[in-house]
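Peer 1: Structure supplied as work-v7.txt; contents: compact mmCIF, C-alpha atoms and all ligand atoms.
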```txt
# COMPACT_ATOMS: atom_id res chain seq x y z
CA MET A 10 12.33 3.16 49.55
CA LYS A 11 13.77 5.94 47.38
CA ASP A 12 15.86 5.14 44.30
CA ILE A 13 19.19 6.90 44.76
CA LEU A 14 19.61 7.22 40.98
CA ASN A 15 16.67 9.64 40.90
CA TYR A 16 18.69 12.40 42.51
CA THR A 17 21.17 14.95 41.26
CA LYS A 18 24.41 15.51 43.12
CA GLU A 19 23.01 18.71 44.60
CA GLU A 20 19.79 17.04 45.79
CA LEU A 21 21.84 14.30 47.40
CA ALA A 22 24.04 16.86 49.16
CA ASP A 23 20.92 18.60 50.54
CA MET A 24 19.50 15.32 51.84
CA LEU A 25 22.81 14.45 53.46
CA GLN A 26 22.95 17.80 55.22
CA GLU A 27 19.39 17.39 56.47
CA ALA A 28 20.35 14.00 57.88
CA GLY A 29 23.38 15.50 59.65
CA PHE A 30 26.14 14.36 57.26
CA PRO A 31 28.55 16.72 55.51
CA SER A 32 27.38 17.57 52.00
CA TYR A 33 30.75 16.62 50.41
CA ARG A 34 29.81 13.00 51.04
CA GLY A 35 27.33 13.39 48.17
CA LYS A 36 30.22 13.68 45.74
CA GLN A 37 31.79 10.53 47.16
CA ILE A 38 28.52 8.60 46.83
CA TYR A 39 28.22 9.86 43.26
CA GLU A 40 31.70 8.57 42.50
CA TRP A 41 30.86 5.13 43.88
CA LEU A 42 27.70 4.91 41.80
CA TYR A 43 28.76 6.53 38.54
CA THR A 44 32.53 6.09 38.33
CA LYS A 45 33.19 2.88 40.24
CA LEU A 46 29.76 1.42 39.36
CA ILE A 47 29.23 0.13 42.89
CA ASP A 48 25.58 -0.23 43.88
CA LYS A 49 26.06 -1.73 47.36
CA PRO A 50 26.52 0.75 50.23
CA ASP A 51 28.52 -1.88 52.17
CA GLU A 52 31.23 -1.70 49.51
CA MET A 53 31.53 2.12 49.60
CA ASN A 54 34.46 1.83 51.94
CA ASN A 55 35.48 5.48 52.27
CA LEU A 56 32.08 6.30 53.81
CA PRO A 57 31.65 6.07 57.58
CA LEU A 58 29.58 3.17 58.84
CA ALA A 59 26.74 5.48 59.96
CA LEU A 60 26.42 6.89 56.45
CA ARG A 61 26.44 3.45 54.86
CA LEU A 62 23.66 2.44 57.24
CA TRP A 63 21.70 5.60 56.41
CA LEU A 64 22.00 4.80 52.72
CA LYS A 65 20.85 1.22 53.27
CA ASN A 66 17.89 2.31 55.38
CA ASN A 67 16.70 5.09 53.11
CA PHE A 68 17.66 4.26 49.55
CA ASN A 69 17.55 1.47 47.08
CA CYS A 70 20.93 1.70 45.36
CA LYS A 71 20.66 -1.38 43.12
CA PHE A 72 21.05 -1.01 39.38
CA PRO A 73 18.56 -2.88 37.15
CA VAL A 74 19.29 -6.59 36.86
CA ILE A 75 20.01 -8.32 33.55
CA ILE A 76 17.59 -11.24 33.29
CA LYS A 77 18.19 -12.01 29.63
CA GLU A 78 20.95 -11.13 27.20
CA GLN A 79 20.72 -11.96 23.49
CA ILE A 80 23.61 -11.45 21.09
CA SER A 81 23.08 -11.05 17.36
CA LYS A 82 25.01 -13.53 15.23
CA ILE A 83 25.02 -10.96 12.45
CA ASP A 84 26.69 -7.98 14.10
CA GLY A 85 27.12 -8.59 17.83
CA THR A 86 24.27 -6.25 18.77
CA THR A 87 23.23 -7.19 22.28
CA LYS A 88 19.71 -6.89 23.62
CA PHE A 89 19.20 -6.85 27.37
CA LEU A 90 16.01 -7.55 29.21
CA LEU A 91 16.40 -5.64 32.45
CA GLN A 92 14.37 -6.11 35.58
CA LEU A 93 13.45 -2.97 37.49
CA LYS A 94 12.90 -2.64 41.21
CA ASP A 95 9.14 -3.36 40.90
CA LYS A 96 9.95 -6.50 38.82
CA LYS A 97 8.71 -4.92 35.60
CA THR A 98 11.04 -5.30 32.64
CA VAL A 99 12.42 -3.06 29.96
CA GLU A 100 14.65 -3.61 26.93
CA THR A 101 17.95 -1.88 26.21
CA VAL A 102 20.12 -2.46 23.13
CA LEU A 103 23.90 -2.16 22.77
CA MET A 104 25.15 -1.67 19.20
CA PHE A 105 28.69 -1.71 17.83
CA HIS A 106 29.95 0.47 14.97
CA GLY A 107 33.14 0.69 12.91
CA GLY A 108 36.13 -1.27 14.07
CA LYS A 109 38.00 -2.44 10.95
CA ASN A 110 40.81 0.06 11.32
CA SER A 111 39.64 1.75 14.46
CA ARG A 112 38.24 0.99 17.88
CA LYS A 113 34.65 -0.23 17.81
CA ARG A 114 32.29 2.47 19.04
CA LYS A 115 29.42 1.50 21.30
CA THR A 116 25.97 3.05 21.17
CA LEU A 117 23.39 2.26 23.80
CA CYS A 118 19.73 2.57 22.88
CA ILE A 119 17.75 3.11 26.07
CA SER A 120 14.05 3.07 26.89
CA SER A 121 12.03 5.84 28.47
CA GLN A 122 8.69 4.11 29.03
CA ILE A 123 7.36 0.60 29.55
CA GLY A 124 5.32 0.25 26.38
CA CYS A 125 4.23 3.33 24.44
CA PRO A 126 0.86 4.99 23.83
CA ILE A 127 1.67 6.45 20.40
CA GLY A 128 0.91 3.34 18.35
CA CYS A 129 3.11 3.78 15.27
CA VAL A 130 2.02 1.00 12.92
CA PHE A 131 5.51 -0.39 12.29
CA CYS A 132 6.42 -0.63 15.97
CA ALA A 133 6.00 -3.63 18.23
CA THR A 134 6.35 -1.48 21.36
CA GLY A 135 3.44 0.66 20.20
CA LYS A 136 1.23 -2.42 20.08
CA MET A 137 1.74 -2.92 23.82
CA GLY A 138 0.15 0.39 24.78
CA LEU A 139 1.60 2.29 27.73
CA ASP A 140 2.22 0.56 31.03
CA ARG A 141 4.05 3.41 32.76
CA ASN A 142 6.78 6.01 32.46
CA LEU A 143 10.25 5.11 33.68
CA THR A 144 11.68 7.14 36.52
CA THR A 145 14.88 9.12 36.11
CA GLY A 146 16.69 6.41 38.06
CA GLU A 147 15.33 3.66 35.83
CA VAL A 148 16.48 5.51 32.71
CA ILE A 149 19.98 5.99 34.15
CA GLY A 150 20.04 2.49 35.63
CA GLN A 151 19.93 0.96 32.14
CA ILE A 152 23.17 2.76 31.28
CA LEU A 153 24.93 1.83 34.51
CA THR A 154 24.01 -1.85 34.24
CA VAL A 155 25.32 -2.10 30.69
CA ILE A 156 28.53 -0.18 31.46
CA GLN A 157 29.08 -2.44 34.46
CA ARG A 158 28.97 -5.41 32.09
CA HIS A 159 30.49 -4.07 28.87
CA GLY A 160 32.61 -1.05 29.80
CA ASP A 161 32.27 2.54 28.64
CA ILE A 162 29.67 3.63 26.12
CA ASP A 163 30.36 6.19 23.37
CA ASN A 164 26.83 7.29 22.48
CA ILE A 165 23.45 7.22 24.19
CA VAL A 166 20.25 7.28 22.15
CA TYR A 167 16.82 7.66 23.73
CA MET A 168 15.29 5.52 21.04
CA GLY A 169 14.25 2.31 22.80
CA MET A 170 10.80 1.58 24.15
CA GLY A 171 8.57 4.61 24.57
CA GLU A 172 8.33 8.21 23.43
CA PRO A 173 10.95 10.09 25.47
CA LEU A 174 9.25 13.48 25.21
CA LEU A 175 6.10 12.03 26.81
CA ASN A 176 8.27 11.39 29.86
CA TYR A 177 9.88 14.80 29.57
CA ASP A 178 10.92 15.64 33.12
CA SER A 179 12.45 12.26 33.92
CA VAL A 180 14.31 12.15 30.61
CA ILE A 181 15.73 15.66 30.91
CA LYS A 182 16.78 15.06 34.50
CA SER A 183 18.46 11.80 33.49
CA ILE A 184 20.45 13.72 30.86
CA ARG A 185 21.52 16.35 33.36
CA ILE A 186 22.76 13.59 35.67
CA ILE A 187 24.64 11.53 33.08
CA ILE A 188 26.50 14.56 31.72
CA ASP A 189 27.49 15.62 35.23
CA GLU A 190 30.91 15.16 36.74
CA PRO A 191 31.94 13.41 38.81
CA GLY A 192 29.64 10.86 37.38
CA LEU A 193 29.28 9.29 33.99
CA ASN A 194 30.45 12.58 32.49
CA ILE A 195 29.08 11.65 29.05
CA SER A 196 29.46 14.41 26.47
CA VAL A 197 26.06 15.93 25.73
CA ARG A 198 26.95 15.89 22.04
CA LYS A 199 26.96 12.11 22.21
CA ILE A 200 23.34 12.03 23.33
CA THR A 201 20.37 11.79 20.97
CA ILE A 202 16.68 12.06 21.76
CA SER A 203 14.45 10.50 19.15
CA THR A 204 10.83 11.65 19.03
CA CYS A 205 7.81 10.92 16.88
CA GLY A 206 7.15 14.66 16.85
CA LEU A 207 5.59 16.20 19.96
CA VAL A 208 5.59 19.83 18.91
CA PRO A 209 5.25 21.62 22.30
CA GLU A 210 7.94 19.43 23.86
CA ILE A 211 10.35 19.97 20.95
CA LYS A 212 10.00 23.72 21.52
CA LYS A 213 10.49 23.25 25.25
CA LEU A 214 13.58 21.15 24.60
CA ALA A 215 14.98 23.90 22.38
CA GLU A 216 14.85 26.25 25.37
CA GLU A 217 16.74 23.89 27.71
CA ALA A 218 20.15 24.91 26.39
CA ILE A 219 21.29 21.27 26.24
CA PRO A 220 23.19 20.84 22.94
CA LEU A 221 22.09 17.27 22.32
CA THR A 222 21.04 15.80 18.98
CA LEU A 223 17.36 15.73 18.13
CA ALA A 224 16.11 12.95 15.86
CA ILE A 225 12.63 13.01 14.34
CA SER A 226 10.88 9.78 13.35
CA LEU A 227 9.33 11.14 10.16
CA HIS A 228 8.70 8.04 8.01
CA ALA A 229 6.33 9.76 5.57
CA SER A 230 6.51 12.66 3.17
CA ASN A 231 2.90 13.80 3.45
CA ASN A 232 0.22 14.08 6.12
CA GLU A 233 -2.10 11.56 4.52
CA LEU A 234 0.43 8.77 4.91
CA ARG A 235 1.94 9.98 8.18
CA ASN A 236 -1.51 10.13 9.79
CA VAL A 237 -1.63 6.38 9.30
CA LEU A 238 1.98 5.44 10.09
CA VAL A 239 2.58 7.79 13.02
CA PRO A 240 -0.85 8.60 14.48
CA ILE A 241 0.38 11.58 16.53
CA ASN A 242 0.58 13.33 13.16
CA ARG A 243 -3.18 13.91 13.33
CA LYS A 244 -2.51 16.16 16.30
CA TYR A 245 0.79 17.63 15.09
CA PRO A 246 0.85 17.61 11.28
CA ILE A 247 4.08 17.79 9.31
CA GLU A 248 3.94 21.58 8.84
CA ASP A 249 3.71 22.18 12.60
CA LEU A 250 6.37 19.56 13.26
CA LEU A 251 8.82 21.19 10.84
CA ASP A 252 8.10 24.61 12.35
CA SER A 253 9.10 23.25 15.75
CA VAL A 254 12.23 21.68 14.23
CA LYS A 255 13.17 25.05 12.70
CA PHE A 256 12.68 26.61 16.11
CA PHE A 257 14.97 23.96 17.66
CA ILE A 258 17.65 24.59 15.03
CA ASP A 259 17.43 28.37 15.46
CA LYS A 260 17.78 28.07 19.22
CA THR A 261 20.52 25.43 19.35
CA ASN A 262 22.30 25.69 16.01
CA ARG A 263 22.32 21.88 16.06
CA LYS A 264 21.75 19.76 12.98
CA VAL A 265 18.59 17.66 13.29
CA THR A 266 18.40 14.05 12.14
CA PHE A 267 15.31 12.68 10.41
CA GLU A 268 14.61 8.96 10.53
CA TYR A 269 12.74 7.43 7.62
CA ILE A 270 11.84 3.75 7.61
CA LEU A 271 11.68 2.84 3.95
CA ALA A 272 9.02 0.20 3.31
CA LYS A 273 8.33 -1.52 0.02
CA ASP A 274 5.35 -0.10 -1.88
CA LEU A 275 4.43 2.13 1.04
CA ASN A 276 6.69 5.19 1.11
CA ASP A 277 9.55 4.23 -1.21
CA SER A 278 8.55 5.72 -4.57
CA ILE A 279 10.28 8.45 -6.56
CA TYR A 280 7.25 10.62 -5.80
CA HIS A 281 7.80 10.19 -2.05
CA ALA A 282 11.52 10.91 -2.36
CA LYS A 283 10.87 14.17 -4.21
CA GLN A 284 8.18 15.19 -1.75
CA LEU A 285 10.55 14.45 1.14
CA ALA A 286 13.38 16.41 -0.44
CA GLU A 287 11.06 19.39 -0.82
CA LEU A 288 10.10 19.23 2.87
CA LEU A 289 13.66 19.08 4.18
CA ARG A 290 15.59 21.08 1.64
CA SER A 291 15.85 24.30 3.65
CA LEU A 292 16.63 22.69 7.01
CA LEU A 293 19.97 22.12 8.73
CA CYS A 294 19.49 18.37 8.79
CA ASN A 295 20.50 14.93 7.68
CA ILE A 296 18.32 11.93 7.02
CA ASN A 297 18.78 8.29 7.94
CA ILE A 298 17.07 5.91 5.57
CA ILE A 299 16.26 2.65 7.36
CA PRO A 300 15.14 -0.23 5.14
CA ALA A 301 12.12 -1.72 6.96
CA ASN A 302 12.45 -4.60 9.37
CA PRO A 303 9.69 -7.15 9.36
CA VAL A 304 7.42 -6.69 12.38
CA GLU A 305 4.90 -9.42 13.05
CA GLY A 306 1.33 -8.30 12.49
CA THR A 307 2.28 -5.58 9.99
CA GLU A 308 2.77 -5.51 6.24
CA MET A 309 6.13 -3.76 6.41
CA ARG A 310 8.48 -5.23 3.84
CA LYS A 311 12.03 -4.38 2.93
CA PRO A 312 12.55 -2.60 -0.41
CA ASN A 313 15.23 -3.93 -2.75
CA ALA A 314 18.68 -2.35 -2.95
CA LYS A 315 17.94 -0.55 -6.21
CA THR A 316 14.90 1.18 -4.74
CA VAL A 317 16.91 2.24 -1.69
CA ASN A 318 19.68 3.63 -3.91
CA ASN A 319 17.28 5.53 -6.15
CA PHE A 320 15.48 6.99 -3.17
CA CYS A 321 18.73 8.16 -1.59
CA HIS A 322 20.05 9.51 -4.87
CA ILE A 323 17.06 11.84 -5.22
CA LEU A 324 17.57 13.22 -1.72
CA GLN A 325 21.31 13.64 -2.24
CA SER A 326 20.78 15.36 -5.58
CA LYS A 327 18.75 18.01 -3.71
CA GLY A 328 21.66 18.57 -1.33
CA ILE A 329 20.29 16.58 1.61
CA GLU A 330 22.86 14.61 3.59
CA THR A 331 21.53 11.05 3.38
CA VAL A 332 22.78 7.88 5.04
CA VAL A 333 21.41 4.36 4.76
CA ARG A 334 21.50 3.14 8.31
CA SER A 335 22.53 -0.46 8.57
CA GLU A 336 19.98 -2.26 10.66
CA LYS A 337 21.39 -3.80 13.79
CA GLY A 338 20.35 -6.97 15.55
CA SER A 339 17.36 -7.82 13.37
CA ASP A 340 17.86 -11.55 14.11
CA ILE A 341 17.23 -10.93 17.83
CA ASP A 342 14.37 -8.43 17.36
CA ALA A 343 16.63 -5.62 18.52
CA ALA A 344 16.25 -3.38 15.49
CA CYS A 345 14.16 -0.27 15.13
CA GLY A 346 10.50 -1.01 15.90
CA GLN A 347 11.12 -4.55 17.12
CA LEU A 348 11.58 -4.08 20.85
CA MET A 349 9.33 -6.29 22.95
CA ALA A 350 8.00 -7.83 19.73
CA LYS A 351 8.19 -11.37 21.06
CA THR A 352 6.91 -10.51 24.51
CA ASN A 353 3.97 -8.66 23.09
CA LEU A 354 3.02 -10.76 20.14
CA LYS A 355 3.36 -14.25 21.55
S1 LIG B 1 8.10 4.17 17.26
FE1 LIG B 1 8.50 5.15 19.22
S2 LIG B 1 6.77 6.57 19.46
FE2 LIG B 1 6.15 5.12 17.87
S3 LIG B 1 5.03 3.51 18.99
FE3 LIG B 1 7.18 2.85 18.84
S4 LIG B 1 8.13 3.52 20.73
FE4 LIG B 1 6.21 4.66 20.51
```
Would you mind writing the structure in this file as structure tokens?

Peer 2:
Amino acid sequence: MKDILNYTKEELADMLQEAGFPSYRGKQIYEWLYTKLIDKPDEMNNLPLALRLWLKNNFNCKFPVIIKEQISKIDGTTKFLLQLKDKKTVETVLMFHGGKNSRKRKTLCISSQIGCPIGCVFCATGKMGLDRNLTTGEVIGQILTVIQRHGDIDNIVYMGMGEPLLNYDSVIKSIRIIIDEPGLNISVRKITISTCGLVPEIKKLAEEAIPLTLAISLHASNNELRNVLVPINRKYPIEDLLDSVKFFIDKTNRKVTFEYILAKDLNDSIYHAKQLAELLRSLLCNINIIPANPVEGTEMRKPNAKTVNNFCHILQSKGIETVVRSEKGSDIDAACGQLMAKTNLK
């Protein structure tokens, strides 16, 4: 049976017409799914009975099911284990930001693949290998299930399990659907795709005319180290990666974010900071420094606060906007590189 979340509003309208229903019903179905968050055709009570039956007979409308929900005692970060229609599972993480004098903002980190073939050394998901790509509907379903439970989301980041640009078509289609109205109507500027650096796909993304935020998992300041930490670097070395980033910036005029996991005695020296500053100095970019989370089976260790400060100071002194990103949900293995750690490493 087809997953209704795989289809755009226009595709749905075409299918309705082919089945003998007026195409405007597509908009109503969209509103039930994306605005009212109803995934049972029987409850879509402004649709005629025949249409509800057609939906039930031809489509699976169910959102993914939460089978486990863990809440961090440190910061409230919530990790969901979601079951898909084929019973496979995927992890999705809800993070909370700000809130002392303002409303807490919610960022949802969604997955694009079950497992990942890239094999970054600091990443538990990478140790699983790739099971399969998620469909468009499975990517969107994560968002709908969490909104159903926790209300509206402010930001969406494609930074969970998997390399989103390896599942390019499904990811791009999911973005086109979630920014659509009626529907979730999420601002495209609130959407980030995080990639380990697939050069052809970054260039392709630049041509899509979708003004989202691109984040690059850089993690090293030279090819020698990056070849080890992020193995795709052997195929797309830093020079080629930065060329594609420049191309993206030229095409979109959007600032690019670099992610840099700072690990003790690995990539946290003054030498690395200077090398990194030299690489990024001419780019419209900012950098997030993420003190390493422990991942079982790796030697990643967190640097001390002084090292983090010194590292950031060097970048800032070269004019590079630098933020230390507070890790979220590390006590429930929800932080960067920890997804599926327990499942995989048991
Ligand atoms: S960091 Fe991202 S690209 Fe690298 S192995 Fe993990 S999920 Fe894959």

Peer 1: Could you list the protein, DNA and RNA residues that have any atom within 7 Å of ligand LIG 1 (chain B), counting all atoms listed in the file, and write them as a list in words?

Peer 2: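 Counting all atoms listed in the file, the residues within 7 Å of ligand LIG 1 (chain B) come out as Cys125, Pro126, Ile127, Gly128, Cys129, Cys132, Ala133, Thr134, Gly135, Gly169, Met170, Gly171, Glu172, Thr204, Cys205, Val239 and Gly346 of chain A.
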
Peer 1: Would you please work out which residue, of A:Asn276, A:Asn194, A:Thr86, A:Ser120, is nearest to A:Met104 when using all atoms listed in the file?

Peer 2: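 Residue with the minimum atom-to-atom distance to A:Met104: A:Thr86.
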
Peer 1: Report, in Å to a single decimal, how far apart atom CA of A:Thr145 and atom CA of A:Leu25 are.

Peer 2: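 Atom CA of A:Thr145 lies 19.8 Å from atom CA of A:Leu25.
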
Peer 1: Using all atoms listed in the file, find the one residue out of A:Ile152, A:Leu221, A:Val99, A:Gly160 that sits nearest to A:Val265.

Peer 2: A:Leu221

Peer 1: Neighbours of stretch 73-85 of chain A within 10 Å (all atoms listed in the file; same-chain residues fewer than 5 positions away dropped), as a VMD selection string?

Peer 2: chain A and resid 90 to 94 96 98 to 106 146 to 155 158 336 to 343

Peer 1: In Å, how far is it from atom CA of A:Asn262 to atom CA of A:Val208?

Peer 2: 17.9 Å

Peer 1: Using all atoms listed in the file, which of the listed residues (A:Asn232, A:Ser179, A:Ser326, A:Asn313) sits closest to A:Leu271?

Peer 2: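 Using all atoms listed in the file, A:Leu271 sits closest to A:Asn313.
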
Peer 1: Need the axis-aligned box for stretch 264-269 of chain A with 4 Å each side, so what are the centre and edges in Å to one decimal, as AutoDock Vina command-line options?

Peer 2:
```
--center_x 17.2 --center_y 13.6 --center_z 10.5 --size_x 17.0 --size_y 20.3 --size_z 13.7
```

Peer 1: Residues proximal to (24.2, 16.8, 44.9) were defined as those with any atom within 8 Å of that point in the file's coordinates, counting all atoms listed in the file. Which are they, as a VMD selection string?

Peer 2: chain A and resid 16 to 23 32 35 to 36

Peer 1: What is the distance between atom CA of A:Leu46 and atom CA of A:Cys70, in Å to one decimal?

Peer 2: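 Separating atom CA of A:Leu46 from atom CA of A:Cys70 is a distance of 10.7 Å.
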
Peer 1: So that I can check the surroundings of stretch 55-57 of chain A, please list as a PDB file with C-alpha atoms, in the coordinates of the input every protein, DNA and RNA residue that reaches within 12 Å of it, counting all atoms listed in the file and ignoring chain neighbours fewer than 5 positions away.

Peer 2:
```
ATOM      1  CA  PHE A  30      26.140  14.360  57.260  1.00  0.00           C
ATOM      2  CA  PRO A  31      28.550  16.720  55.510  1.00  0.00           C
ATOM      3  CA  TYR A  33      30.750  16.620  50.410  1.00  0.00           C
ATOM      4  CA  ARG A  34      29.810  13.000  51.040  1.00  0.00           C
ATOM      5  CA  GLY A  35      27.330  13.390  48.170  1.00  0.00           C
ATOM      6  CA  LYS A  36      30.220  13.680  45.740  1.00  0.00           C
ATOM      7  CA  GLN A  37      31.790  10.530  47.160  1.00  0.00           C
ATOM      8  CA  ILE A  38      28.520   8.600  46.830  1.00  0.00           C
ATOM      9  CA  TYR A  39      28.220   9.860  43.260  1.00  0.00           C
ATOM     10  CA  GLU A  40      31.700   8.570  42.500  1.00  0.00           C
ATOM     11  CA  TRP A  41      30.860   5.130  43.880  1.00  0.00           C
ATOM     12  CA  LYS A  49      26.060  -1.730  47.360  1.00  0.00           C
ATOM     13  CA  PRO A  50      26.520   0.750  50.230  1.00  0.00           C
ATOM     14  CA  LEU A  62      23.660   2.440  57.240  1.00  0.00           C
ATOM     15  CA  TRP A  63      21.700   5.600  56.410  1.00  0.00           C
ATOM     16  CA  LEU A  64      22.000   4.800  52.720  1.00  0.00           C
TER      17      LEU A  64
END
```

Peer 1: List as an MDAnalysis selection string: which residues have an atom within 10 Å of (14.3, 21.7, 14.7), counting only C-alpha atoms?

Peer 2: chainID A and resid 208 211:212 214:215 222:225 250:266 292:294

Peer 1: Which is closest to A:Tyr167 among A:Ser196, A:Gln122, A:Asn236, A:Asn142, if we use all atoms listed in the file?

Peer 2: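 Smallest separation from A:Tyr167 among the options: A:Gln122.
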